[in-house]
>>> print(open('coords_4.cif').read())   # mmCIF, C-alpha atoms and all ligand atoms
data_my_file
#
loop_
_atom_site.group_PDB
_atom_site.id
_atom_site.type_symbol
_atom_site.label_atom_id
_atom_site.label_comp_id
_atom_site.auth_asym_id
_atom_site.auth_seq_id
_atom_site.Cartn_x
_atom_site.Cartn_y
_atom_site.Cartn_z
ATOM 1 C CA MET A 18 0.000 0.000 0.000
ATOM 2 C CA ILE A 19 1.168 3.529 -0.744
ATOM 3 C CA ASN A 20 1.168 6.206 1.924
ATOM 4 C CA VAL A 21 0.528 9.794 0.931
ATOM 5 C CA SER A 22 1.565 12.851 2.884
ATOM 6 C CA TYR A 23 1.313 16.479 1.923
ATOM 7 C CA VAL A 24 3.343 19.643 1.850
ATOM 8 C CA PRO A 25 1.251 22.821 1.928
ATOM 9 C CA ALA A 26 2.326 25.490 -0.578
ATOM 10 C CA PHE A 27 1.185 29.001 -1.483
ATOM 11 C CA GLU A 28 -2.317 29.871 -0.235
ATOM 12 C CA ASP A 29 -4.096 26.562 -0.613
ATOM 13 C CA ASN A 30 -2.021 24.141 -2.727
ATOM 14 C CA TYR A 31 -1.144 20.629 -1.645
ATOM 15 C CA ILE A 32 2.033 19.016 -2.971
ATOM 16 C CA TRP A 33 1.577 15.274 -2.490
ATOM 17 C CA LEU A 34 4.438 13.003 -1.435
ATOM 18 C CA ILE A 35 3.909 9.318 -2.195
ATOM 19 C CA HIS A 36 5.915 6.771 -0.261
ATOM 20 C CA LYS A 37 5.702 3.413 1.479
ATOM 21 C CA GLU A 38 5.808 2.738 5.156
ATOM 22 C CA ASN A 39 9.312 2.746 6.615
ATOM 23 C CA ASP A 40 10.803 3.641 3.245
ATOM 24 C CA PRO A 41 12.487 7.027 2.616
ATOM 25 C CA HIS A 42 11.870 7.069 -1.159
ATOM 26 C CA ILE A 43 9.230 9.535 -2.349
ATOM 27 C CA VAL A 44 7.434 10.483 -5.536
ATOM 28 C CA ILE A 45 6.544 14.197 -5.615
ATOM 29 C CA VAL A 46 3.306 15.323 -7.286
ATOM 30 C CA ASP A 47 3.024 18.852 -8.732
ATOM 31 C CA PRO A 48 5.789 20.687 -6.865
ATOM 32 C CA GLY A 49 4.707 24.264 -7.529
ATOM 33 C CA ASP A 50 7.286 25.457 -5.006
ATOM 34 C CA ALA A 51 10.573 23.706 -4.211
ATOM 35 C CA GLU A 52 11.289 25.267 -0.816
ATOM 36 C CA PRO A 53 8.630 23.517 1.300
ATOM 37 C CA VAL A 54 9.420 20.217 -0.444
ATOM 38 C CA LEU A 55 13.142 20.596 0.287
ATOM 39 C CA ALA A 56 12.272 21.368 3.909
ATOM 40 C CA ALA A 57 10.185 18.173 4.151
ATOM 41 C CA ILE A 58 12.998 16.174 2.526
ATOM 42 C CA ALA A 59 15.464 17.526 5.099
ATOM 43 C CA THR A 60 13.134 16.907 8.042
ATOM 44 C CA HIS A 61 12.246 13.325 7.116
ATOM 45 C CA SER A 62 15.445 12.310 5.281
ATOM 46 C CA TYR A 63 13.371 11.514 2.195
ATOM 47 C CA ILE A 64 14.998 10.380 -1.039
ATOM 48 C CA PRO A 65 13.098 11.747 -4.093
ATOM 49 C CA VAL A 66 12.875 9.263 -6.964
ATOM 50 C CA ALA A 67 10.460 10.902 -9.413
ATOM 51 C CA ILE A 68 8.210 13.911 -10.036
ATOM 52 C CA LEU A 69 4.698 13.602 -11.497
ATOM 53 C CA ILE A 70 3.162 16.676 -13.165
ATOM 54 C CA THR A 71 -0.545 16.992 -13.987
ATOM 55 C CA HIS A 72 -0.577 20.223 -16.038
ATOM 56 C CA HIS A 73 1.444 23.289 -16.939
ATOM 57 C CA HIS A 74 0.214 25.937 -14.476
ATOM 58 C CA GLY A 75 2.932 27.634 -12.454
ATOM 59 C CA ASP A 76 1.605 26.564 -9.071
ATOM 60 C CA HIS A 77 2.147 22.938 -10.194
ATOM 61 C CA ILE A 78 5.502 23.146 -11.986
ATOM 62 C CA GLY A 79 7.328 26.096 -10.374
ATOM 63 C CA GLY A 80 9.579 23.907 -8.209
ATOM 64 C CA ILE A 81 10.753 21.431 -10.844
ATOM 65 C CA ARG A 82 13.979 23.157 -11.853
ATOM 66 C CA ARG A 83 15.210 23.681 -8.321
ATOM 67 C CA LEU A 84 14.393 20.098 -7.305
ATOM 68 C CA THR A 85 16.053 18.573 -10.365
ATOM 69 C CA GLN A 86 19.178 20.657 -9.739
ATOM 70 C CA ASP A 87 19.577 18.837 -6.433
ATOM 71 C CA TYR A 88 18.171 15.459 -7.519
ATOM 72 C CA ASP A 89 18.745 13.784 -10.864
ATOM 73 C CA ILE A 90 15.268 12.229 -11.135
ATOM 74 C CA PRO A 91 12.782 11.683 -13.954
ATOM 75 C CA VAL A 92 9.966 14.216 -14.407
ATOM 76 C CA TYR A 93 6.785 12.688 -15.843
ATOM 77 C CA GLY A 94 4.103 14.957 -17.260
ATOM 78 C CA PRO A 95 1.694 15.697 -20.099
ATOM 79 C CA SER A 96 3.128 15.245 -23.580
ATOM 80 C CA ASN A 97 1.396 18.239 -25.185
ATOM 81 C CA GLU A 98 1.611 21.169 -22.779
ATOM 82 C CA GLY A 99 5.075 22.438 -23.715
ATOM 83 C CA ILE A 100 6.610 21.944 -20.272
ATOM 84 C CA GLY A 101 10.348 22.092 -20.986
ATOM 85 C CA SER A 102 11.476 20.428 -17.766
ATOM 86 C CA ILE A 103 9.566 17.188 -18.406
ATOM 87 C CA THR A 104 11.937 14.306 -19.179
ATOM 88 C CA HIS A 105 9.278 11.612 -19.652
ATOM 89 C CA PRO A 106 6.163 12.784 -21.531
ATOM 90 C CA VAL A 107 3.193 10.492 -20.863
ATOM 91 C CA ARG A 108 -0.399 10.094 -21.993
ATOM 92 C CA GLU A 109 -3.416 7.860 -21.411
ATOM 93 C CA GLY A 110 -2.523 4.208 -21.697
ATOM 94 C CA ASP A 111 0.973 4.722 -20.314
ATOM 95 C CA CYS A 112 1.910 3.026 -17.065
ATOM 96 C CA ILE A 113 4.745 4.476 -15.002
ATOM 97 C CA ASP A 114 6.742 1.914 -13.068
ATOM 98 C CA ILE A 115 8.458 3.257 -9.954
ATOM 99 C CA ALA A 116 10.512 0.147 -9.271
ATOM 100 C CA VAL A 117 12.188 1.312 -6.072
ATOM 101 C CA LEU A 118 8.752 1.845 -4.506
ATOM 102 C CA ASP A 119 7.303 -1.263 -6.155
ATOM 103 C CA CYS A 120 4.361 0.718 -7.481
ATOM 104 C CA THR A 121 2.918 1.739 -10.817
ATOM 105 C CA PHE A 122 0.794 4.685 -11.957
ATOM 106 C CA ASP A 123 -1.714 4.526 -14.768
ATOM 107 C CA VAL A 124 -2.022 7.759 -16.746
ATOM 108 C CA LEU A 125 -5.464 9.157 -17.627
ATOM 109 C CA ASP A 126 -6.085 11.998 -20.083
ATOM 110 C CA VAL A 127 -8.434 14.438 -18.356
ATOM 111 C CA PRO A 128 -8.544 17.602 -20.506
ATOM 112 C CA GLY A 129 -10.762 20.553 -19.625
ATOM 113 C CA HIS A 130 -8.940 22.726 -17.083
ATOM 114 C CA THR A 131 -6.022 22.705 -19.530
ATOM 115 C CA ARG A 132 -5.945 21.008 -22.903
ATOM 116 C CA GLY A 133 -3.363 18.358 -21.967
ATOM 117 C CA HIS A 134 -4.196 17.794 -18.285
ATOM 118 C CA ILE A 135 -3.451 14.258 -17.074
ATOM 119 C CA ALA A 136 -4.114 12.342 -13.853
ATOM 120 C CA TYR A 137 -2.254 9.479 -12.181
ATOM 121 C CA TYR A 138 -3.966 6.471 -10.647
ATOM 122 C CA SER A 139 -2.341 3.942 -8.346
ATOM 123 C CA GLU A 140 -3.742 1.574 -5.756
ATOM 124 C CA LYS A 141 -7.101 3.357 -5.550
ATOM 125 C CA SER A 142 -5.476 6.757 -5.178
ATOM 126 C CA LEU A 143 -6.060 9.380 -7.867
ATOM 127 C CA PHE A 144 -3.805 12.403 -8.284
ATOM 128 C CA CYS A 145 -5.911 14.646 -10.468
ATOM 129 C CA GLY A 146 -4.438 18.149 -10.150
ATOM 130 C CA ASP A 147 -7.091 20.747 -10.971
ATOM 131 C CA THR A 148 -9.607 18.474 -12.722
ATOM 132 C CA LEU A 149 -11.897 17.010 -10.054
ATOM 133 C CA PHE A 150 -11.786 19.002 -6.808
ATOM 134 C CA THR A 151 -13.301 17.955 -3.530
ATOM 135 C CA ALA A 152 -16.930 19.078 -3.939
ATOM 136 C CA GLY A 153 -16.095 20.881 -7.179
ATOM 137 C CA CYS A 154 -14.099 20.849 -10.397
ATOM 138 C CA GLY A 155 -11.478 22.970 -12.113
ATOM 139 C CA ARG A 156 -12.253 26.001 -14.214
ATOM 140 C CA LEU A 157 -12.250 25.656 -17.969
ATOM 141 C CA PHE A 158 -9.180 27.647 -19.002
ATOM 142 C CA GLU A 159 -8.295 25.835 -22.226
ATOM 143 C CA GLY A 160 -10.660 22.935 -22.762
ATOM 144 C CA THR A 161 -14.378 22.801 -23.440
ATOM 145 C CA ALA A 162 -17.182 21.903 -21.046
ATOM 146 C CA ALA A 163 -17.779 18.757 -23.108
ATOM 147 C CA GLN A 164 -14.142 17.695 -22.617
ATOM 148 C CA MET A 165 -14.280 18.328 -18.877
ATOM 149 C CA TYR A 166 -17.560 16.418 -18.616
ATOM 150 C CA GLN A 167 -15.962 13.405 -20.334
ATOM 151 C CA SER A 168 -12.914 13.686 -18.068
ATOM 152 C CA LEU A 169 -15.114 13.682 -14.972
ATOM 153 C CA GLN A 170 -17.116 10.738 -16.329
ATOM 154 C CA LYS A 171 -13.847 8.850 -16.736
ATOM 155 C CA ILE A 172 -12.916 9.566 -13.120
ATOM 156 C CA ALA A 173 -16.421 8.641 -11.917
ATOM 157 C CA ALA A 174 -15.942 5.186 -13.438
ATOM 158 C CA LEU A 175 -13.062 4.414 -11.027
ATOM 159 C CA PRO A 176 -13.852 2.362 -7.899
ATOM 160 C CA ASN A 177 -15.990 4.172 -5.315
ATOM 161 C CA ASP A 178 -13.322 3.757 -2.631
ATOM 162 C CA THR A 179 -10.759 5.625 -4.746
ATOM 163 C CA LEU A 180 -9.244 8.513 -2.794
ATOM 164 C CA VAL A 181 -9.223 11.795 -4.703
ATOM 165 C CA TYR A 182 -6.037 13.784 -4.144
ATOM 166 C CA CYS A 183 -6.678 17.114 -5.829
ATOM 167 C CA ALA A 184 -4.185 19.956 -5.673
ATOM 168 C CA HIS A 185 -6.080 22.585 -3.674
ATOM 169 C CA GLU A 186 -7.975 22.994 -0.407
ATOM 170 C CA TYR A 187 -11.188 24.356 -1.923
ATOM 171 C CA THR A 188 -13.737 22.101 -0.244
ATOM 172 C CA LEU A 189 -15.605 24.640 1.855
ATOM 173 C CA ASP A 190 -15.962 27.178 -0.955
ATOM 174 C CA ASN A 191 -17.076 24.446 -3.320
ATOM 175 C CA LEU A 192 -19.653 23.181 -0.830
ATOM 176 C CA LYS A 193 -21.236 26.644 -0.675
ATOM 177 C CA PHE A 194 -22.004 26.374 -4.366
ATOM 178 C CA ALA A 195 -23.081 22.729 -4.064
ATOM 179 C CA LYS A 196 -25.681 23.887 -1.516
ATOM 180 C CA VAL A 197 -27.020 26.410 -4.009
ATOM 181 C CA VAL A 198 -27.574 23.575 -6.494
ATOM 182 C CA GLU A 199 -28.915 21.037 -3.970
ATOM 183 C CA PRO A 200 -30.205 23.010 -0.952
ATOM 184 C CA ASP A 201 -32.147 20.068 0.484
ATOM 185 C CA SER A 202 -29.370 17.466 0.510
ATOM 186 C CA ALA A 203 -28.756 16.029 3.982
ATOM 187 C CA GLU A 204 -25.489 14.455 2.807
ATOM 188 C CA LEU A 205 -24.290 17.859 1.665
ATOM 189 C CA GLU A 206 -25.164 19.465 4.990
ATOM 190 C CA GLN A 207 -23.318 16.669 6.800
ATOM 191 C CA ARG A 208 -20.256 17.256 4.617
ATOM 192 C CA VAL A 209 -20.371 20.986 5.357
ATOM 193 C CA GLN A 210 -20.368 20.237 9.093
ATOM 194 C CA ASP A 211 -17.547 17.685 8.754
ATOM 195 C CA THR A 212 -15.519 20.098 6.635
ATOM 196 C CA LEU A 213 -15.983 23.013 9.043
ATOM 197 C CA ALA A 214 -14.886 20.783 11.928
ATOM 198 C CA ALA A 215 -11.795 19.522 10.073
ATOM 199 C CA ARG A 216 -10.742 23.031 9.072
ATOM 200 C CA LYS A 217 -11.247 24.250 12.632
ATOM 201 C CA ARG A 218 -8.831 21.515 13.736
ATOM 202 C CA GLY A 219 -6.418 22.702 11.052
ATOM 203 C CA GLN A 220 -6.756 19.470 9.086
ATOM 204 C CA PRO A 221 -6.906 19.114 5.313
ATOM 205 C CA THR A 222 -10.190 17.952 3.805
ATOM 206 C CA VAL A 223 -8.338 16.312 0.919
ATOM 207 C CA PRO A 224 -8.340 13.463 0.017
ATOM 208 C CA ALA A 225 -12.005 12.491 -0.138
ATOM 209 C CA SER A 226 -13.461 9.229 -1.389
ATOM 210 C CA LEU A 227 -14.993 9.093 -4.837
ATOM 211 C CA ALA A 228 -18.162 7.779 -3.137
ATOM 212 C CA LEU A 229 -18.446 11.003 -1.124
ATOM 213 C CA GLU A 230 -17.820 13.032 -4.265
ATOM 214 C CA LYS A 231 -20.553 11.178 -6.128
ATOM 215 C CA ALA A 232 -22.943 11.861 -3.234
ATOM 216 C CA THR A 233 -22.198 15.582 -2.848
ATOM 217 C CA ASN A 234 -20.237 17.032 -5.783
ATOM 218 C CA PRO A 235 -22.714 18.677 -8.204
ATOM 219 C CA PHE A 236 -20.315 18.226 -11.137
ATOM 220 C CA LEU A 237 -20.557 14.430 -10.723
ATOM 221 C CA ARG A 238 -24.344 14.579 -10.328
ATOM 222 C CA CYS A 239 -25.403 16.171 -13.630
ATOM 223 C CA HIS A 240 -27.423 13.065 -14.591
ATOM 224 C CA LEU A 241 -29.748 13.340 -11.557
ATOM 225 C CA PRO A 242 -33.254 14.825 -11.894
ATOM 226 C CA ASN A 243 -32.910 17.362 -9.074
ATOM 227 C CA VAL A 244 -29.590 18.698 -10.418
ATOM 228 C CA ILE A 245 -30.973 18.868 -13.968
ATOM 229 C CA GLU A 246 -34.041 20.744 -12.667
ATOM 230 C CA ALA A 247 -31.904 23.229 -10.716
ATOM 231 C CA ALA A 248 -29.725 23.826 -13.807
ATOM 232 C CA GLU A 249 -32.829 24.260 -15.985
ATOM 233 C CA ASN A 250 -34.206 26.825 -13.555
ATOM 234 C CA PHE A 251 -30.908 28.719 -13.708
ATOM 235 C CA ALA A 252 -30.578 28.509 -17.500
ATOM 236 C CA LEU A 253 -34.307 29.039 -18.161
ATOM 237 C CA LYS A 254 -34.303 26.251 -20.750
ATOM 238 C CA ARG A 255 -34.736 22.494 -21.019
ATOM 239 C CA LEU A 256 -31.503 20.496 -20.837
ATOM 240 C CA GLN A 257 -31.180 17.339 -22.916
ATOM 241 C CA SER A 258 -28.104 15.582 -21.546
ATOM 242 C CA GLY A 259 -25.682 15.227 -18.661
ATOM 243 C CA ALA A 260 -23.123 17.162 -20.711
ATOM 244 C CA ASP A 261 -25.601 20.030 -21.262
ATOM 245 C CA THR A 262 -26.380 20.087 -17.554
ATOM 246 C CA PHE A 263 -22.672 20.084 -16.674
ATOM 247 C CA THR A 264 -22.073 23.022 -19.036
ATOM 248 C CA VAL A 265 -24.776 25.046 -17.291
ATOM 249 C CA VAL A 266 -23.676 24.103 -13.761
ATOM 250 C CA ARG A 267 -20.032 25.012 -14.532
ATOM 251 C CA HIS A 268 -21.150 28.373 -15.959
ATOM 252 C CA TRP A 269 -23.471 28.896 -12.973
ATOM 253 C CA LYS A 270 -20.563 28.524 -10.548
ATOM 254 C CA ASP A 271 -18.409 30.888 -12.646
ATOM 255 C CA THR A 272 -21.078 33.578 -12.303
ATOM 256 C CA LEU A 273 -20.891 33.320 -8.498
ATOM 257 C CA ASP A 274 -17.091 33.155 -8.044
HETATM 258 ZN ZN ZN B 301 -4.329 24.741 -12.806
#
>>> encode(input="coords_4.cif", output="structure tokens")
Amino acid sequence: MINVSYVPAFEDNYIWLIHKENDPHIVIVDPGDAEPVLAAIATHSYIPVAILITHHHGDHIGGIRRLTQDYDIPVYGPSNEGIGSITHPVREGDCIDIAVLDCTFDVLDVPGHTRGHIAYYSEKSLFCGDTLFTAGCGRLFEGTAAQMYQSLQKIAALPNDTLVYCAHEYTLDNLKFAKVVEPDSAELEQRVQDTLAARKRGQPTVPASLALEKATNPFLRCHLPNVIEAAENFALKRLQSGADTFTVVRHWKDTLD
């Protein structure tokens, strides 16, 4: 089994460190900033063995150069986002073998937030950058709503006990919007209470299980009658498909942010 710990960075980013129990080797996911990662390496005597990159935004790649100056390690990342520091471009269908940790990562193409965004899946843990967020999803900077909808459908097809390791602590903000879409959901209210309590204790609310996301994340619920009805009431038109509903719900959230 892999263990995952986190390094907080910037305002609300999480840089994930993947390791195994009693083993100093780590895989670093989306090091937007090298300094806090180097501090964690020094504190825990970690040995970095690889970097995984989900997409090209600065808060995900900003620490690569500094880390690879100190550590001669492979940098895996999307093949079509023009990230110069990537040594091993990967795409859906590729499987990354981290031999020293005896673990592999399957690569998924999940465009939408950016056009070449990828995610990494290993042992029921999903590292999905800014695609699926806890209780929300990434903004559409480069891709279309239809692409993001397909990407989220792909993620939704993973096992329900998959843990979703997104790259930001956005849960509480996202839940506020989720409550606008589904004001009567008891599961949503419970998640709000749980999230408030965790944040009060200073704990992260990431990862969350895919099951919890399916129960409370409006962007994974665009096929359900009450979400379709709420989106129709916002858009003032009939919606024909899950993709149409997703497009409206994503736009709806953008109007409130
Ligand atoms: Zn991003």
>>> residues_around(input="coords_4.cif", residues="range 127-142 of chain A", least_positions_apart="3", cutoff="9 Å", atoms="only C-alpha atoms", output="PyMOL selection string")
chain A and resi 18-19+69-74+94-98+107-109+120-124+145-148+154-169+171-172+175-182+224
>>> residues_around(input="coords_4.cif", residues="Ile35 in chain A", least_positions_apart="6", cutoff="7 Å", atoms="only C-alpha atoms", output="PyMOL selection string")
chain A and resi 19-22+43-45
>>> write_last_selection(input="coords_4.cif", atoms="C-alpha atoms", output="PDB file, in the frame of the given file")
ATOM      1  CA  ILE A  19       1.168   3.529  -0.744  1.00  0.00           C
ATOM      2  CA  ASN A  20       1.168   6.206   1.924  1.00  0.00           C
ATOM      3  CA  VAL A  21       0.528   9.794   0.931  1.00  0.00           C
ATOM      4  CA  SER A  22       1.565  12.851   2.884  1.00  0.00           C
ATOM      5  CA  ILE A  43       9.230   9.535  -2.349  1.00  0.00           C
ATOM      6  CA  VAL A  44       7.434  10.483  -5.536  1.00  0.00           C
ATOM      7  CA  ILE A  45       6.544  14.197  -5.615  1.00  0.00           C
TER       8      ILE A  45
END
>>> closest_residue(input="coords_4.cif", among="A:Leu149, A:Ala203, A:Ala215, A:Ala248", to="ligand ZN 301 (chain B)", atoms="only C-alpha atoms and all ligand atoms")
A:Leu149
>>> closest_residue(input="coords_4.cif", among="A:Lys270, A:Ile78, A:Thr85, A:Trp33", to="ligand ZN 301 (chain B)", atoms="all atoms listed in the file")
A:Ile78
>>> atom_distance(input="coords_4.cif", atom1="CA of Ser62 in chain A", atom2="CA of Val46 in chain A")
17.7 Å
>>> resolve_selection(input="coords_4.cif", expression="the PyMOL selection byres (((chain A and resi 211) around 12) and not hetatm)", output="ChimeraX atom specification")
/A:188-189,192,204-210,212-218,220-222,225,229
>>> atom_distance(input="coords_4.cif", atom1="CA of Thr151 in chain A", atom2="CA of Glu186 in chain A")
8.0 Å
>>> atom_distance(input="coords_4.cif", atom1="CA of Val197 in chain A", atom2="CA of Pro235 in chain A")
9.8 Å
